[in-house]
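Comments concern the structure below.
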Amino acid sequence: MANISLAPSAEEVPMASMLAEMLRANLEGKPEKAKVFEKLKAKVYLFAQDAETGMTMEFDRGKLTVHGGQEGKPDISISTDSATLLELANIKIKMGMPWYFDQTGREVIRKLIKGELKIKGMFTHLGALTKVTKVMSVN
């Protein structure tokens with residue numbers, strides 16, 4: 001069972017508990033995702049612009065703590081609308097990498113280009129971003 005916990009600050013952010021549950025379900029019974037989770041060390045801030053709410057996921061090699069709001073200095077910050085945040089979980093993984101050549105992937109690229117999806121740390125922490133994508137992808 002994945003070691004995922006909610007910090008007290010996360011109780012006020014419904015998106016935080018929903019995402020924690022999604023990740024827990026995503027990791028159970030999927031050894032390839034659990035392996036990536038065990039290696040992942042990064043702090044990721046997600047901000048849903050339309051809901052004006054954010055959360056920080058602090059991955060620490062097999063342990064995840066979810067905080068409400070921004071906690072510390074994130075390695076990666078993702079800012080977009082709620083629907084797009086959820087849509088990021090639908091990115092397919094092929095040959096161990098996020099797949100941007102189907103409709104979901106192309107839509108993510110389109111939103112990045114138009115500025116509707118902002119990812120700070122995308123290039124400086126590409127390895128961590130790829131691991132986060134693998135762990136969060138429901139596919």
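Ordered as shown in the structure tokens, chains take letters A, B, and onward, while each chain numbers its residues from 1 and ligands are numbered from 1 in the order shown.
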
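Using only C-alpha atoms, the contacts of stretch 46-57 of chain A at a cut-off of 7 Å, with sequence neighbours closer than 4 positions omitted, comprise Ala16, Leu64, Thr65, Val66, His67, Gly68, Gly69, Gln70, Glu71, Ser77, Ile78, Ser79, Thr80, Asp81 and Ser82 of chain A.
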
Report task. Quick one: everything within 12 Å of A:Ile4, counting only C-alpha atoms, minus sequence neighbours fewer than 5 positions away in the same chain. Send it as JSON, numbers by chain. Result -> {"A": [16, 17, 19, 20, 21, 22, 23, 24, 25, 26, 27, 28, 37, 38, 57, 58, 59, 60, 61, 62, 63, 64, 65, 66, 67]}

Requested in this report: Considering only C-alpha atoms, return as a ChimeraX atom specification whatever protein or nucleic-acid residues lie within 12 Å of A:Leu112, sequence-local ones (same chain, fewer than 2 positions apart) excluded.
Outcome: /A:78-80,84,88,100,105-110,114-120,122

Query raised in the report: How many Å lie between atom CA of A:Leu6 and atom CA of A:Gly72, rounded to one decimal?
Result: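 Rounded to one decimal, the two atoms are 15.8 Å apart.
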
**Report entry** Per-residue DSSP, chain A, filtered to alpha helix (DSSP H), as number ranges by chain
**Finding:** A: 14-27, 31-39, 82-87, 103-114, 126-136

Go ahead and write the selection's residues with C-alpha atoms as a PDB file, in the first residue's frame.
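The resulting part-v1.pdb:
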ATOM      1  CA  PRO A  14     -11.100  19.078  -1.527  1.00  0.00           C
ATOM      2  CA  MET A  15      -8.875  18.685  -4.593  1.00  0.00           C
ATOM      3  CA  ALA A  16      -6.034  17.483  -2.312  1.00  0.00           C
ATOM      4  CA  SER A  17      -7.897  14.507  -0.846  1.00  0.00           C
ATOM      5  CA  MET A  18      -9.362  13.622  -4.248  1.00  0.00           C
ATOM      6  CA  LEU A  19      -5.904  13.606  -5.831  1.00  0.00           C
ATOM      7  CA  ALA A  20      -4.399  11.609  -2.950  1.00  0.00           C
ATOM      8  CA  GLU A  21      -7.092   8.941  -3.383  1.00  0.00           C
ATOM      9  CA  MET A  22      -6.580   8.861  -7.144  1.00  0.00           C
ATOM     10  CA  LEU A  23      -2.830   8.355  -6.668  1.00  0.00           C
ATOM     11  CA  ARG A  24      -3.367   5.643  -4.056  1.00  0.00           C
ATOM     12  CA  ALA A  25      -5.688   3.758  -6.426  1.00  0.00           C
ATOM     13  CA  ASN A  26      -3.273   4.340  -9.289  1.00  0.00           C
ATOM     14  CA  LEU A  27      -0.345   2.773  -7.435  1.00  0.00           C
ATOM     15  CA  PRO A  31       4.286  -2.505  -9.738  1.00  0.00           C
ATOM     16  CA  GLU A  32       5.697  -0.411 -12.625  1.00  0.00           C
ATOM     17  CA  LYS A  33       4.116   2.756 -11.152  1.00  0.00           C
ATOM     18  CA  ALA A  34       5.101   1.814  -7.596  1.00  0.00           C
ATOM     19  CA  LYS A  35       8.735   1.447  -8.760  1.00  0.00           C
ATOM     20  CA  VAL A  36       8.696   4.997 -10.159  1.00  0.00           C
ATOM     21  CA  PHE A  37       6.984   6.275  -6.969  1.00  0.00           C
ATOM     22  CA  GLU A  38       9.789   4.727  -4.871  1.00  0.00           C
ATOM     23  CA  LYS A  39      12.407   6.736  -6.810  1.00  0.00           C
ATOM     24  CA  SER A  82      -9.389  22.332 -12.778  1.00  0.00           C
ATOM     25  CA  ALA A  83     -10.518  20.343 -15.815  1.00  0.00           C
ATOM     26  CA  THR A  84      -7.046  20.462 -17.380  1.00  0.00           C
ATOM     27  CA  LEU A  85      -5.412  19.385 -14.100  1.00  0.00           C
ATOM     28  CA  LEU A  86      -7.639  16.306 -14.107  1.00  0.00           C
ATOM     29  CA  GLU A  87      -7.031  15.770 -17.825  1.00  0.00           C
ATOM     30  CA  GLN A 103      -5.813  13.640 -28.776  1.00  0.00           C
ATOM     31  CA  THR A 104      -5.175  14.072 -25.030  1.00  0.00           C
ATOM     32  CA  GLY A 105      -1.453  14.676 -25.514  1.00  0.00           C
ATOM     33  CA  ARG A 106      -1.979  17.122 -28.378  1.00  0.00           C
ATOM     34  CA  GLU A 107      -4.486  19.057 -26.275  1.00  0.00           C
ATOM     35  CA  VAL A 108      -1.921  19.366 -23.453  1.00  0.00           C
ATOM     36  CA  ILE A 109       0.681  20.682 -25.939  1.00  0.00           C
ATOM     37  CA  ARG A 110      -1.879  23.124 -27.420  1.00  0.00           C
ATOM     38  CA  LYS A 111      -2.696  24.498 -23.954  1.00  0.00           C
ATOM     39  CA  LEU A 112       1.016  24.864 -23.156  1.00  0.00           C
ATOM     40  CA  ILE A 113       1.596  26.829 -26.367  1.00  0.00           C
ATOM     41  CA  LYS A 114      -1.463  29.062 -25.782  1.00  0.00           C
ATOM     42  CA  LEU A 126      12.263  17.134 -16.687  1.00  0.00           C
ATOM     43  CA  GLY A 127      13.115  13.786 -15.077  1.00  0.00           C
ATOM     44  CA  ALA A 128      10.948  14.533 -12.043  1.00  0.00           C
ATOM     45  CA  LEU A 129       8.109  15.819 -14.254  1.00  0.00           C
ATOM     46  CA  THR A 130       8.232  12.619 -16.311  1.00  0.00           C
ATOM     47  CA  LYS A 131       8.095  10.499 -13.130  1.00  0.00           C
ATOM     48  CA  VAL A 132       5.197  12.546 -11.731  1.00  0.00           C
ATOM     49  CA  THR A 133       3.351  12.089 -15.031  1.00  0.00           C
ATOM     50  CA  LYS A 134       3.947   8.322 -14.940  1.00  0.00           C
ATOM     51  CA  VAL A 135       2.722   8.029 -11.342  1.00  0.00           C
ATOM     52  CA  MET A 136      -0.348  10.206 -11.882  1.00  0.00           C
TER      53      MET A 136
END

Query raised in the report: Could you pull out all residues of chain A with a DSSP call of strand (DSSP E) and give them as a ChimeraX atom specification?
Result: /A:3-6,41-48,53-60,63-68,76-80,92-94,97-99,118-120

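Pairwise distance (atom CA of A:Lys73, atom CA of A:Ala10) equals 17.0 Å.
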
Query raised in the report: What is the distance between atom CA of A:Val138 and atom CA of A:Lys92, in Å to one decimal?
Result: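 Pair atom CA of A:Val138 / atom CA of A:Lys92 returns 7.9 Å.
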